[in-house]
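Reading through the structure tokens given below for one structure.
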Amino acid sequence: MNKQSKQQKISTQPYKGARDFYPEDMRVRNYIFNIWKKVCKRYGFEEWDFPFIEPFELFEAKSGDEIVNKQLYRFTDKGGRDVAIRPEKTPSLARMITGKIKTLPRPIKWFNIANCWRFEKPQKGRGREFFQLDCDIFGVKDVTADVEVFSIPIEVMKELGAKENMFEIRISNRRLAEYYLREVVELNGGISEQGTQMYKVARIIDSQPKLTEREFLKQLESENVNPKQIDAIISFIKSDIQFVEKYRDDSYGAKEITDFFRIAESLGSAKYFKFRPEIMRGFDYYTGNVIEQFDLDPANKRSMYGGGRYDDLVNIFTDEKLTGVGYAMGDVTLMEFLKGWNLLPVLPTETDVMVTIFDENTRNKSFEIVQKLREKGINTFAYLEPVKLDKQFKYADRKGIRYVIVAGLDEIKKGTVQLKDMQRKQQQELVLEKVIEKLKQ
RNA sequence: GUGGUCAUAGCUCAAUUGGUAGAGCACUUGCCUGUGGAGCGAGCGGUUGAGGGUUCAACUCCCUCUGACCACCCCA
């Protein structure tokens, strides 16, 4: 008995808000990650990566107040450095891009899949550790880059088997909203200027879908918005893309979003996008088009993730201007989506074949077979112990391994093996070369 | 960070007004001496999330902590 067994046992639970990935969970994770990678590569994006600890000041300068003050894992390392675990990836992306800003050929199209940590109170669809796909394009001012980046989630959804009616991507434009709030509604401040009237009103507009009409009006009134202005705000929220057309000449944002729809129309993807003027998004660095994807499952209506254009992301590193547009997709909300719509496939094992061991005398022969199969690139599970065959077969069955090979004394004499197809419940006696041929198919 | 619900075997759940825990599934094993899924046995498995209190007696009542879930905040 060791010391632990008499004293209090250590919990087998993973850290709060974080998940263990057992092999079956890992299969699901890899399934999703592989689709993410496949789609990004299909769009000509290149993968990048970076350390998950960064200097604290990076996030202090770039992330929102809420994230820095409440949700950051922050500590001092043994060298006295003030460091933090990444709560998001965009600041690091800006750091790396700026580091080679003079030499990277543009446009820059990068994607990354990695985990981030936030000190959250966990609940459904939200933990403390989450994985995220980020894809970004830098150096393209034209709205074609927006269309390209925002096509990624649609392609991913298609690959995952999602249909048009299961999700929608709401899009709006911050420049347009700012123009409208300033010129038409006549509010003070800026949409990204924390504490100003316009900033606060923008936040209220963003949460409008979750509020009752009375609450919405009450909140606007408490920001000193007069009835005439409220009417203007409401007609903006209710507006459609035709409404925006008339501001094309006065607002670059109006041009951006109407152009976006024109291109999306020609690509046939416009049906996935809904113009929803109230979408603002939390991060202050967004400037142009912003999108937010929603799960349309009536039982699970929720925001899944989003993205947008940011024109001034590298300003903490350099005076040089570099425009960008990005999108991030989290694994936790995506999993909720897939479960809700029953889109998770049954994922088979990647082991192609299991080789049994008949008894101690034939063990070496079994290992020879195992080795030959592996040399041919066949994923081969060796049972390793000469226990009763029925136990070995049962194991293969439980693990979902399709083929089982038995080489007993009779087969060894004849130079053959028994190949059993567990799915079809058929068994054939073949020479090993034939087996390899069959398994390679 | 605020408010609410909850916590019994690996999983899903039982346990009558407080009288110190059971089932199904899973796992191991036998029926089955060269072959899986079914069936029927058997076994393993719990200081009832942790700590404290009330009581002759606590899974049950009270407090604290931890964790899960839900709403808010914020966001992926």
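Starting from 1 in every chain, residues are counted up; chains themselves are A, B, ... following the order of the structure tokens, and ligands are numbered from 1 as listed.
Interface residues of chain A facing chain B, defined by any atom at most 8 Å away and using only C-alpha atoms (C1' of nucleotides), are Lys16, Glu66, Gln123, Lys124, Arg126, Phe130, Gln132, Gly282, Met304, Tyr305, Ala328, Met329, Gly330, Asp331, Val332, Thr333, Phe358, Leu389, Asp390, Phe393, Lys394, Tyr395, Ala396, Asp397, Gly408 and Met422 of chain A.
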Residue contacts of B:G10 (10 Å, only C-alpha atoms (C1' of nucleotides)) excluding same-chain residues fewer than 6 positions away, as a list in words: A26, C27 and G45 of chain B
Work out how far atom CA of A:Thr380 is from atom CA of A:Met354, in Å to one decimal. 5.7 Å
Assign secondary structure with DSSP using the backbone only, and return the residues of stretch 113-207 of chain A in alpha helix (DSSP H) as a PyMOL selection string. chain A and resi 144-159+174-179+197-206
Taking the DSSP assignment computed from this structure's backbone, write out as a PyMOL selection string all residues of stretch 220-431 of chain A that belong to strand (DSSP E or B). chain A and resi 273-275+289-295+302-310+312+322+324-330+353-355+380-382+403-406+417-421+426-430
Do a neighbour search on B:G51 at 12 Å with only C-alpha atoms (C1' of nucleotides), toss out local chain neighbours closer than 2 positions, and write the hits as a ChimeraX atom specification. /A:8 /B:49,53,63-66
Please dump the current selection as a PDB file, in the first residue's frame; keep C-alpha atoms (C1' of nucleotides).
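This is the output file again-v1.pdb:
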ATOM      1  CA  GLN A   8      -7.270  11.164   0.830  1.00  0.00           C
TER       2      GLN A   8
ATOM      3  C1'   G B  49     -18.182  14.558  -4.085  1.00  0.00           C
ATOM      4  C1'   G B  53     -22.017  19.975  12.784  1.00  0.00           C
ATOM      5  C1'   C B  63     -22.893  24.893   7.518  1.00  0.00           C
ATOM      6  C1'   U B  64     -18.350  25.352   4.525  1.00  0.00           C
ATOM      7  C1'   C B  65     -15.606  23.844   0.328  1.00  0.00           C
ATOM      8  C1'   U B  66     -15.201  21.434  -4.522  1.00  0.00           C
TER       9        U B  66
END
Mind checking which residues fall within 12 Å of A:Lys158, counting only C-alpha atoms (C1' of nucleotides), ignoring those fewer than 6 positions away in the same chain, and posting them as a list in words? Ile35, Trp36, Val39, Ser151, Ile152, Glu164, Asn165, Met166, Phe167, Ser269, Tyr272, Leu338 and Leu343 of chain A
